[in-house]
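Colleague: The structure follows.
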Amino acid sequence: MSEKKSRSSFSGSIGFVLAAAGSAVGLGNIWRFPYLAAKDGGGLFIIIYLILSVTFGFTLIITEVAIGRKTKKGPLSAYKALNKKSGFIGFFATIVPMMILPYYCAIGGWVIKYFIGFLTGQGVSMADDGYFTGFITSTAEPLIFMFIFLGICAIVILRGVVKGIENLSKFLMPILLVLVVVIAIFSLTITHTDADGTTRTGLEGLKILFIPDFTGVTVGSFFSVLVDAMGQLFYSLSIAMGIMVAYGSYVKDNENISKAVNRIEIFDTAVAILAGVMIIPAVYSFMGSEGLSASGPGLMFVYLPKIFAAMGVWGNIIGTIFFAMVLFAAITSAISILEAVVSSFMDEFHISRKKATIIETVIAAVVGAIVCLGYNVMYFEAPLPNGSTGQILDILDYVSNNILMPIVAIATCILIGWVLGPKTIIGEVEKGGVQMGRSKLYVVMIKFIAPALLAVLFLKAIGLILI
Ligand code: PHE
């Protein structure tokens with residue numbers, strides 16, 4: 001019986017780092033980071049993001065990895081194992097990935113569709129006005145692509161920690177890095193002239209990304225950049241959704257997790273910045289400053305295809321490379337979401353990997369189908385607390401990201417900072433004789449600063465702080 005077998009573990013540090021980086025590098029790095037950086041004064045946003053990354057981000061991510069390694073359990077059982085009264089944190093940390101997986105797979109399906117489209121030379125028609133809306137409002141296609149994407153993830157997870165997650169990440173992540181660099185270089189070489197004769201270059205776009213723009217910065221706007229950077233970091237590192245606990249539970253005791261966490265953060269941040277270098281100059285040259293305010297699915301599935309189409313012969317090639325890269329990023333993130341749930345089910349209910357994977361895949365398929373149908377037969381517009389309206393996808397995204405994830409993260413800070421004490425984590429990191437760098441900073445962060453920052457994020461998300 002599988003539960004009697006010893007727990008699987010990553011074969012070494014590189015396997016863990018690339019798997020965790022695979023989780024962290026996702027759709028958020030590719031469209032959200034560049035968009036926020038351009039909107040929030042370029043260099044200013046990047047500087048704040050980097051400072052937060054080595055303080056706030058480091059604290060949260062190392063805490064989760066250490067909780068996983070210490071308890072050797074998936075999130076649902078891990079928090080209970082640390083403290084009897086903390087089971088609710090594990091419960092939420094398992095519900096969150098269960099909510100995210102279905103809509104992540106729906107978007108993953110859209111990426112497969114666009115990848116195939118560009119690969120087969122139909123990129124130009126995908127740039128037509130209304131193409132994307134036409135696609136997601138059709139009934140069958142989005143469903144089929146969602147199932148394919150989910151199926152791929154399920155196969156990887158069925159193969160297990162080393163043969164599935166680790167091997168795939170070791171293969172895809174280096175390729176992803178090369179592809180981002182290739183497109184970024186291409187993007188910098190663009191020169192585009194509009195019909196009215198205005199010429200813009202990629203290099204001018206690069207300035208918007210990196211040179212801090214302090215014009216019009218006020219205390220309020222600085223605060224808003226800070227909150228944006230914090231929210232982005234939090235999402236980008238795949239924190240508060242049980243993932244780092246699950247992956248941490250597969251790390252061997254003699255591994256230096258402090259060093260590993262630094263590498264994960266460097267990888268994640270490097271890809272985010274490179275994505276900025278890839279997207280901002282291209283969007284700026286073709287669409288000017290106004291184009292930069294397009295975000296989300298609008299950017300990826302509507303504006304970028306238009307830019308690729310405008311590139312002529314190069315368009316299909318660059319488009320294919322781009323969507324291949326996005327697909328790799330999305331798959332390695334989606335498998336981590338699935339694994340968080342599967343490891344929880346395996347450890348809590350003592351069932352086999354196969355059974356746990358099948359159960360969660362069926363749940364995700366049903367909910368994922370509802371998400372896809374939310375754009376056609378089940379269409380409605382629900383008001384969201386931030387003033388916008390959304391479909392089923394947006395509701396799942398809103399509740400998980402803005403409400404449940406901050407609750408998990410704040411509760412984790414209180415548990416470690418105040419109930420069990422920061423030594424629990426520092427001791428785990430230093431087990432086996434490694435020194436934990438920044439351990440004094442860690443204590444201050446986990447007790448005071450991180451929960452305070454998270455509380456601000458939470459209050460803003462639910463609309464109680466208006467900035
Ligand atoms: N961290 C990923 C990103 O930046 C997003 C993600 C969300 C990954 C949920 C896993 C789970 O895009």
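The chains in the structure tokens are called A, B, ... from first to last as shown; in each chain the residues are counted from 1, and the ligands are counted from 1 in the order shown.
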List as number ranges by chain the protein and nucleic acid residues lying within 9 Å of ligand 1, with only C-alpha atoms and all ligand atoms counted.

Modeller: A: 21-33, 96-97, 100-101, 104, 232-239, 241, 243, 268, 272, 329-330, 332-338, 401

Colleague: For the residues in the current selection, export N, CA and C atoms as a compact mmCIF listing (two decimals), in the first residue's frame.

Modeller:
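Below is the file result_29.txt, written as the result:
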# COMPACT_ATOMS: atom_id res chain seq x y z
N ALA A 21 10.31 26.90 -8.94
CA ALA A 21 10.35 28.04 -9.87
C ALA A 21 9.29 27.84 -10.95
N GLY A 22 9.09 26.60 -11.34
CA GLY A 22 8.06 26.29 -12.34
C GLY A 22 6.69 26.69 -11.84
N SER A 23 6.47 26.49 -10.56
CA SER A 23 5.20 26.90 -9.98
C SER A 23 5.10 28.43 -9.95
N ALA A 24 6.18 29.05 -9.51
CA ALA A 24 6.16 30.51 -9.33
C ALA A 24 6.06 31.24 -10.67
N VAL A 25 6.80 30.76 -11.66
CA VAL A 25 6.76 31.42 -12.96
C VAL A 25 5.49 30.99 -13.69
N GLY A 26 4.57 31.91 -13.81
CA GLY A 26 3.30 31.54 -14.45
C GLY A 26 2.74 32.72 -15.20
N LEU A 27 1.44 32.67 -15.40
CA LEU A 27 0.80 33.74 -16.17
C LEU A 27 1.02 35.10 -15.52
N GLY A 28 1.13 35.11 -14.20
CA GLY A 28 1.33 36.36 -13.47
C GLY A 28 2.62 37.06 -13.86
N ASN A 29 3.69 36.27 -14.07
CA ASN A 29 4.96 36.88 -14.47
C ASN A 29 4.85 37.46 -15.86
N ILE A 30 4.11 36.78 -16.71
CA ILE A 30 4.15 37.15 -18.11
C ILE A 30 3.25 38.33 -18.45
N TRP A 31 2.04 38.36 -17.93
CA TRP A 31 1.25 39.55 -18.30
C TRP A 31 1.09 40.54 -17.17
N ARG A 32 1.04 40.05 -15.90
CA ARG A 32 0.68 40.97 -14.84
C ARG A 32 1.84 41.86 -14.41
N PHE A 33 3.03 41.26 -14.28
CA PHE A 33 4.19 42.04 -13.85
C PHE A 33 4.50 43.17 -14.84
N VAL A 96 -8.07 26.66 -1.48
CA VAL A 96 -7.60 27.66 -2.46
C VAL A 96 -7.13 27.00 -3.77
N PRO A 97 -6.19 26.04 -3.70
CA PRO A 97 -5.81 25.43 -5.00
C PRO A 97 -6.97 24.70 -5.67
N ILE A 100 -8.57 27.40 -7.55
CA ILE A 100 -7.78 28.00 -8.63
C ILE A 100 -7.62 27.05 -9.82
N LEU A 101 -7.41 25.75 -9.53
CA LEU A 101 -7.10 24.81 -10.61
C LEU A 101 -8.10 24.86 -11.79
N TYR A 104 -7.59 28.02 -13.84
CA TYR A 104 -6.24 28.04 -14.42
C TYR A 104 -6.21 27.12 -15.64
N GLN A 232 1.40 41.55 -6.21
CA GLN A 232 2.01 40.83 -7.32
C GLN A 232 3.01 39.80 -6.79
N LEU A 233 3.80 40.21 -5.82
CA LEU A 233 4.83 39.32 -5.26
C LEU A 233 4.19 38.10 -4.62
N PHE A 234 3.16 38.35 -3.88
CA PHE A 234 2.43 37.34 -3.15
C PHE A 234 1.88 36.28 -4.12
N TYR A 235 1.28 36.76 -5.20
CA TYR A 235 0.70 35.86 -6.20
C TYR A 235 1.81 35.15 -6.96
N SER A 236 2.85 35.93 -7.29
CA SER A 236 3.90 35.40 -8.14
C SER A 236 4.69 34.28 -7.48
N LEU A 237 4.84 34.34 -6.16
CA LEU A 237 5.64 33.29 -5.50
C LEU A 237 4.79 32.07 -5.13
N SER A 238 3.56 32.04 -5.58
CA SER A 238 2.65 30.90 -5.30
C SER A 238 2.53 30.63 -3.80
N ILE A 239 2.36 31.72 -3.05
CA ILE A 239 2.27 31.60 -1.60
C ILE A 239 0.82 31.49 -1.16
N MET A 241 -1.21 29.01 -0.95
CA MET A 241 -2.13 28.08 -1.59
C MET A 241 -1.62 26.65 -1.42
N ILE A 243 0.99 25.23 -1.97
CA ILE A 243 1.95 24.65 -2.92
C ILE A 243 3.35 24.51 -2.33
N ASP A 268 12.28 33.51 -10.44
CA ASP A 268 10.95 34.11 -10.64
C ASP A 268 11.05 35.58 -11.04
N ALA A 272 10.12 37.52 -14.58
CA ALA A 272 9.17 38.64 -14.59
C ALA A 272 9.78 39.85 -15.30
N ALA A 329 4.97 27.77 -19.01
CA ALA A 329 4.82 28.45 -17.73
C ALA A 329 3.51 28.03 -17.06
N ALA A 330 2.46 27.92 -17.86
CA ALA A 330 1.15 27.58 -17.30
C ALA A 330 1.11 26.12 -16.82
N THR A 332 3.65 24.14 -15.77
CA THR A 332 4.42 23.91 -14.55
C THR A 332 3.75 24.56 -13.33
N SER A 333 2.95 25.60 -13.56
CA SER A 333 2.20 26.18 -12.43
C SER A 333 0.99 25.30 -12.11
N ALA A 334 0.29 24.86 -13.14
CA ALA A 334 -0.92 24.08 -12.91
C ALA A 334 -0.61 22.74 -12.22
N ILE A 335 0.51 22.12 -12.59
CA ILE A 335 0.82 20.84 -11.91
C ILE A 335 1.09 21.08 -10.42
N SER A 336 1.65 22.24 -10.10
CA SER A 336 1.91 22.50 -8.68
C SER A 336 0.60 22.70 -7.92
N ILE A 337 -0.38 23.27 -8.58
CA ILE A 337 -1.68 23.47 -7.92
C ILE A 337 -2.33 22.11 -7.70
N LEU A 338 -2.27 21.26 -8.73
CA LEU A 338 -2.85 19.93 -8.60
C LEU A 338 -2.13 19.13 -7.52
N ASN A 401 -7.93 34.65 -4.36
CA ASN A 401 -6.77 35.54 -4.26
C ASN A 401 -6.93 36.66 -3.24

Colleague: Could you pull the residues within 10 Å of Asp228 in chain A, counting only C-alpha atoms, minus those fewer than 5 positions along the same chain, as a VMD selection string?

Modeller: chain A and resid 33 36 to 37 40 45 48 to 49 222 to 223 233 to 234 457

Colleague: Go ahead and dump the residues you just picked, C-alpha atoms, as a PDB file, in the first residue's frame.

Modeller:
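Result file result.pdb:
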ATOM      1  CA  PHE A  33       4.186  42.040 -13.850  1.00  0.00           C
ATOM      2  CA  LEU A  36       1.903  46.743 -13.348  1.00  0.00           C
ATOM      3  CA  ALA A  37       5.473  47.905 -13.923  1.00  0.00           C
ATOM      4  CA  ASP A  40       3.220  52.148 -11.751  1.00  0.00           C
ATOM      5  CA  PHE A  45       7.710  49.675  -9.157  1.00  0.00           C
ATOM      6  CA  ILE A  48       9.942  48.395  -4.578  1.00  0.00           C
ATOM      7  CA  TYR A  49       9.268  44.913  -5.901  1.00  0.00           C
ATOM      8  CA  PHE A 222       3.385  55.645  -3.644  1.00  0.00           C
ATOM      9  CA  PHE A 223       1.235  53.627  -1.290  1.00  0.00           C
ATOM     10  CA  LEU A 233       4.829  39.323  -5.264  1.00  0.00           C
ATOM     11  CA  PHE A 234       2.432  37.344  -3.153  1.00  0.00           C
ATOM     12  CA  LEU A 457      -3.488  43.995   1.208  1.00  0.00           C
TER      13      LEU A 457
END

Colleague: Any idea what's packed within 12 Å of Tyr114 in chain A, counting only C-alpha atoms, ignoring anything in its chain fewer than 2 positions away? Could you give it as a VMD selection string?

Modeller: chain A and resid 107 to 112 116 to 127 131 to 132 135 to 136 141 to 142 145 300 to 302 304 to 305 308 316 319 to 327

Colleague: Gly74 in chain A: which residues within 9 Å, counting only C-alpha atoms, same-chain residues fewer than 4 positions away excluded, as a ChimeraX atom specification?

Modeller: /A:68,78-79,90,94,242-243,245-249,339-348

Colleague: May I have the selected residues written with N, CA and C atoms, as a PDB file, in the first residue's frame?

Modeller:
ATOM      1  N   GLY A  68       6.494  22.533   5.310  1.00  0.00           N
ATOM      2  CA  GLY A  68       6.361  21.293   4.545  1.00  0.00           C
ATOM      3  C   GLY A  68       7.445  20.300   4.931  1.00  0.00           C
ATOM      4  N   ALA A  78      -0.506  19.248   7.314  1.00  0.00           N
ATOM      5  CA  ALA A  78       0.709  19.869   7.855  1.00  0.00           C
ATOM      6  C   ALA A  78       0.420  20.860   8.988  1.00  0.00           C
ATOM      7  N   TYR A  79      -0.551  21.740   8.785  1.00  0.00           N
ATOM      8  CA  TYR A  79      -0.814  22.772   9.801  1.00  0.00           C
ATOM      9  C   TYR A  79      -1.331  22.151  11.086  1.00  0.00           C
ATOM     10  N   GLY A  90      -4.765  24.783   7.152  1.00  0.00           N
ATOM     11  CA  GLY A  90      -4.547  23.743   6.150  1.00  0.00           C
ATOM     12  C   GLY A  90      -5.789  23.528   5.301  1.00  0.00           C
ATOM     13  N   THR A  94      -5.954  24.240   1.266  1.00  0.00           N
ATOM     14  CA  THR A  94      -6.296  23.190   0.304  1.00  0.00           C
ATOM     15  C   THR A  94      -7.483  23.608  -0.566  1.00  0.00           C
ATOM     16  N   GLY A 242      -0.877  26.444  -0.360  1.00  0.00           N
ATOM     17  CA  GLY A 242      -0.454  25.087  -0.021  1.00  0.00           C
ATOM     18  C   GLY A 242       0.667  24.522  -0.876  1.00  0.00           C
ATOM     19  N   ILE A 243       0.988  25.226  -1.967  1.00  0.00           N
ATOM     20  CA  ILE A 243       1.948  24.654  -2.919  1.00  0.00           C
ATOM     21  C   ILE A 243       3.351  24.510  -2.331  1.00  0.00           C
ATOM     22  N   VAL A 245       4.189  24.375   0.697  1.00  0.00           N
ATOM     23  CA  VAL A 245       4.184  23.376   1.783  1.00  0.00           C
ATOM     24  C   VAL A 245       4.315  21.987   1.157  1.00  0.00           C
ATOM     25  N   ALA A 246       3.508  21.720   0.121  1.00  0.00           N
ATOM     26  CA  ALA A 246       3.553  20.405  -0.531  1.00  0.00           C
ATOM     27  C   ALA A 246       4.938  20.141  -1.116  1.00  0.00           C
ATOM     28  N   TYR A 247       5.468  21.106  -1.863  1.00  0.00           N
ATOM     29  CA  TYR A 247       6.790  20.893  -2.466  1.00  0.00           C
ATOM     30  C   TYR A 247       7.872  20.791  -1.371  1.00  0.00           C
ATOM     31  N   GLY A 248       7.738  21.606  -0.339  1.00  0.00           N
ATOM     32  CA  GLY A 248       8.708  21.553   0.765  1.00  0.00           C
ATOM     33  C   GLY A 248       8.719  20.184   1.436  1.00  0.00           C
ATOM     34  N   SER A 249       7.555  19.511   1.445  1.00  0.00           N
ATOM     35  CA  SER A 249       7.484  18.213   2.111  1.00  0.00           C
ATOM     36  C   SER A 249       8.259  17.149   1.342  1.00  0.00           C
ATOM     37  N   GLU A 339      -0.803  19.250  -7.483  1.00  0.00           N
ATOM     38  CA  GLU A 339      -0.041  18.480  -6.492  1.00  0.00           C
ATOM     39  C   GLU A 339      -0.372  18.915  -5.057  1.00  0.00           C
ATOM     40  N   ALA A 340      -0.633  20.212  -4.866  1.00  0.00           N
ATOM     41  CA  ALA A 340      -0.979  20.674  -3.513  1.00  0.00           C
ATOM     42  C   ALA A 340      -2.215  19.931  -3.019  1.00  0.00           C
ATOM     43  N   VAL A 341      -3.187  19.753  -3.899  1.00  0.00           N
ATOM     44  CA  VAL A 341      -4.424  19.075  -3.506  1.00  0.00           C
ATOM     45  C   VAL A 341      -4.186  17.567  -3.373  1.00  0.00           C
ATOM     46  N   VAL A 342      -3.487  17.007  -4.351  1.00  0.00           N
ATOM     47  CA  VAL A 342      -3.236  15.555  -4.328  1.00  0.00           C
ATOM     48  C   VAL A 342      -2.451  15.161  -3.071  1.00  0.00           C
ATOM     49  N   SER A 343      -1.412  15.926  -2.738  1.00  0.00           N
ATOM     50  CA  SER A 343      -0.621  15.565  -1.548  1.00  0.00           C
ATOM     51  C   SER A 343      -1.486  15.693  -0.294  1.00  0.00           C
ATOM     52  N   SER A 344      -2.386  16.683  -0.283  1.00  0.00           N
ATOM     53  CA  SER A 344      -3.285  16.835   0.867  1.00  0.00           C
ATOM     54  C   SER A 344      -4.185  15.613   1.005  1.00  0.00           C
ATOM     55  N   PHE A 345      -4.785  15.198  -0.099  1.00  0.00           N
ATOM     56  CA  PHE A 345      -5.694  14.042  -0.064  1.00  0.00           C
ATOM     57  C   PHE A 345      -4.943  12.775   0.346  1.00  0.00           C
ATOM     58  N   MET A 346      -3.736  12.599  -0.215  1.00  0.00           N
ATOM     59  CA  MET A 346      -2.967  11.379   0.088  1.00  0.00           C
ATOM     60  C   MET A 346      -2.638  11.301   1.577  1.00  0.00           C
ATOM     61  N   ASP A 347      -2.156  12.425   2.124  1.00  0.00           N
ATOM     62  CA  ASP A 347      -1.707  12.394   3.523  1.00  0.00           C
ATOM     63  C   ASP A 347      -2.860  12.388   4.513  1.00  0.00           C
ATOM     64  N   GLU A 348      -3.940  13.058   4.175  1.00  0.00           N
ATOM     65  CA  GLU A 348      -5.031  13.167   5.133  1.00  0.00           C
ATOM     66  C   GLU A 348      -5.922  11.921   5.102  1.00  0.00           C
TER      67      GLU A 348
END

Colleague: Can you work out which one of A:Ile414, A:Val429, A:Ile46, A:Pro406 has the shortest atom-to-atom distance to Asp213 in chain A, counting only C-alpha atoms?

Modeller: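 Result for the nearest residue to Asp213 in chain A: A:Ile46.
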
Colleague: Which of range 177-361 of chain A end up as alpha helix (DSSP H) when DSSP is run on this backbone - answer as number ranges by chain?

Modeller: A: 177-188, 202-210, 219-236, 243-248, 257-291, 296-297, 304-310, 313-349, 353-361

Colleague: Please, what distance in Å, to one decimal, runs between CA of Val283 in chain A and CA of Phe267 in chain A?

Modeller: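 Computing it gives 24.0 Å between the two atoms.
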
Colleague: Mind checking which residues fall within 12 Å of Ala455 in chain A, counting only C-alpha atoms, ignoring those fewer than 2 positions away in the same chain, and posting them as an MDAnalysis selection string?

Modeller: chainID A and resid 227 230:231 402:403 405:411 413:414 448:453 457:462 464:465

Colleague: Just list as an NGL selection string whatever in range 170-371 of chain A DSSP marks as strand (DSSP E or B).

Modeller: :A and (191-193 or 199-201)

Colleague: Export all heavy atoms of the chosen residues as an mmCIF file, in the first residue's frame?

Modeller:
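Wrote it out as result36.cif, contents follow:
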data_model
loop_
_atom_site.group_PDB
_atom_site.id
_atom_site.type_symbol
_atom_site.label_atom_id
_atom_site.label_comp_id
_atom_site.auth_asym_id
_atom_site.auth_seq_id
_atom_site.Cartn_x
_atom_site.Cartn_y
_atom_site.Cartn_z
ATOM 1 N N THR A 191 11.214 48.457 -34.707
ATOM 2 C CA THR A 191 10.945 49.867 -35.010
ATOM 3 C C THR A 191 9.631 49.856 -35.767
ATOM 4 O O THR A 191 9.482 49.093 -36.718
ATOM 5 C CB THR A 191 12.027 50.463 -35.942
ATOM 6 O OG1 THR A 191 13.285 50.266 -35.314
ATOM 7 C CG2 THR A 191 11.803 51.946 -36.162
ATOM 8 N N HIS A 192 8.682 50.658 -35.324
ATOM 9 C CA HIS A 192 7.386 50.612 -35.990
ATOM 10 C C HIS A 192 6.915 52.013 -36.354
ATOM 11 O O HIS A 192 7.033 52.943 -35.563
ATOM 12 C CB HIS A 192 6.354 49.932 -35.079
ATOM 13 C CG HIS A 192 4.992 49.866 -35.693
ATOM 14 N ND1 HIS A 192 4.683 48.982 -36.698
ATOM 15 C CD2 HIS A 192 3.881 50.597 -35.474
ATOM 16 C CE1 HIS A 192 3.420 49.157 -37.060
ATOM 17 N NE2 HIS A 192 2.919 50.137 -36.325
ATOM 18 N N THR A 193 6.386 52.157 -37.555
ATOM 19 C CA THR A 193 5.860 53.448 -37.982
ATOM 20 C C THR A 193 4.355 53.342 -38.184
ATOM 21 O O THR A 193 3.890 52.478 -38.925
ATOM 22 C CB THR A 193 6.537 53.896 -39.303
ATOM 23 O OG1 THR A 193 7.945 53.782 -39.119
ATOM 24 C CG2 THR A 193 6.187 55.334 -39.631
ATOM 25 N N THR A 199 7.015 57.293 -35.575
ATOM 26 C CA THR A 199 7.853 56.099 -35.423
ATOM 27 C C THR A 199 8.203 55.890 -33.954
ATOM 28 O O THR A 199 8.571 56.835 -33.259
ATOM 29 C CB THR A 199 9.146 56.260 -36.249
ATOM 30 O OG1 THR A 199 8.767 56.422 -37.606
ATOM 31 C CG2 THR A 199 10.036 55.039 -36.113
ATOM 32 N N ARG A 200 8.053 54.675 -33.488
ATOM 33 C CA ARG A 200 8.444 54.349 -32.110
ATOM 34 C C ARG A 200 9.332 53.121 -32.136
ATOM 35 O O ARG A 200 9.132 52.222 -32.947
ATOM 36 C CB ARG A 200 7.206 54.059 -31.245
ATOM 37 C CG ARG A 200 6.412 55.298 -30.844
ATOM 38 C CD ARG A 200 5.200 54.916 -30.030
ATOM 39 N NE ARG A 200 4.348 54.037 -30.787
ATOM 40 C CZ ARG A 200 3.275 54.445 -31.481
ATOM 41 N NH1 ARG A 200 2.931 55.718 -31.469
ATOM 42 N NH2 ARG A 200 2.555 53.582 -32.162
ATOM 43 N N THR A 201 10.313 53.066 -31.194
ATOM 44 C CA THR A 201 11.198 51.900 -31.190
ATOM 45 C C THR A 201 11.053 51.129 -29.874
ATOM 46 O O THR A 201 10.602 51.667 -28.863
ATOM 47 C CB THR A 201 12.676 52.334 -31.308
ATOM 48 O OG1 THR A 201 13.000 53.051 -30.116
ATOM 49 C CG2 THR A 201 12.915 53.187 -32.528
#

Colleague: Rounded to one decimal place, report the CA of Leu143 in chain A-CA of Leu373 in chain A distance in Å.

Modeller: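 So the answer is 8.0 Å.
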
Colleague: Residues within 8 Å of Lys170 in chain A, please, as a PyMOL selection string. Count only C-alpha atoms; anything in the same chain fewer than 2 positions from it doesn't count.

Modeller: chain A and resi 15+18-19+166-168+172-174

Colleague: Do you know which residues are at most 10 Å from Asn262 in chain A counting only C-alpha atoms, after dropping those on the same chain fewer than 2 positions away, and could you put them as a VMD selection string?

Modeller: chain A and resid 17 53 to 54 58 61 to 62 257 to 260 264 to 268

Colleague: Rounded to one decimal, what separation in Å do you get between CA of Ile351 in chain A and CA of Leu404 in chain A?

Modeller: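 CA of Ile351 in chain A sits 26.5 Å away from CA of Leu404 in chain A.
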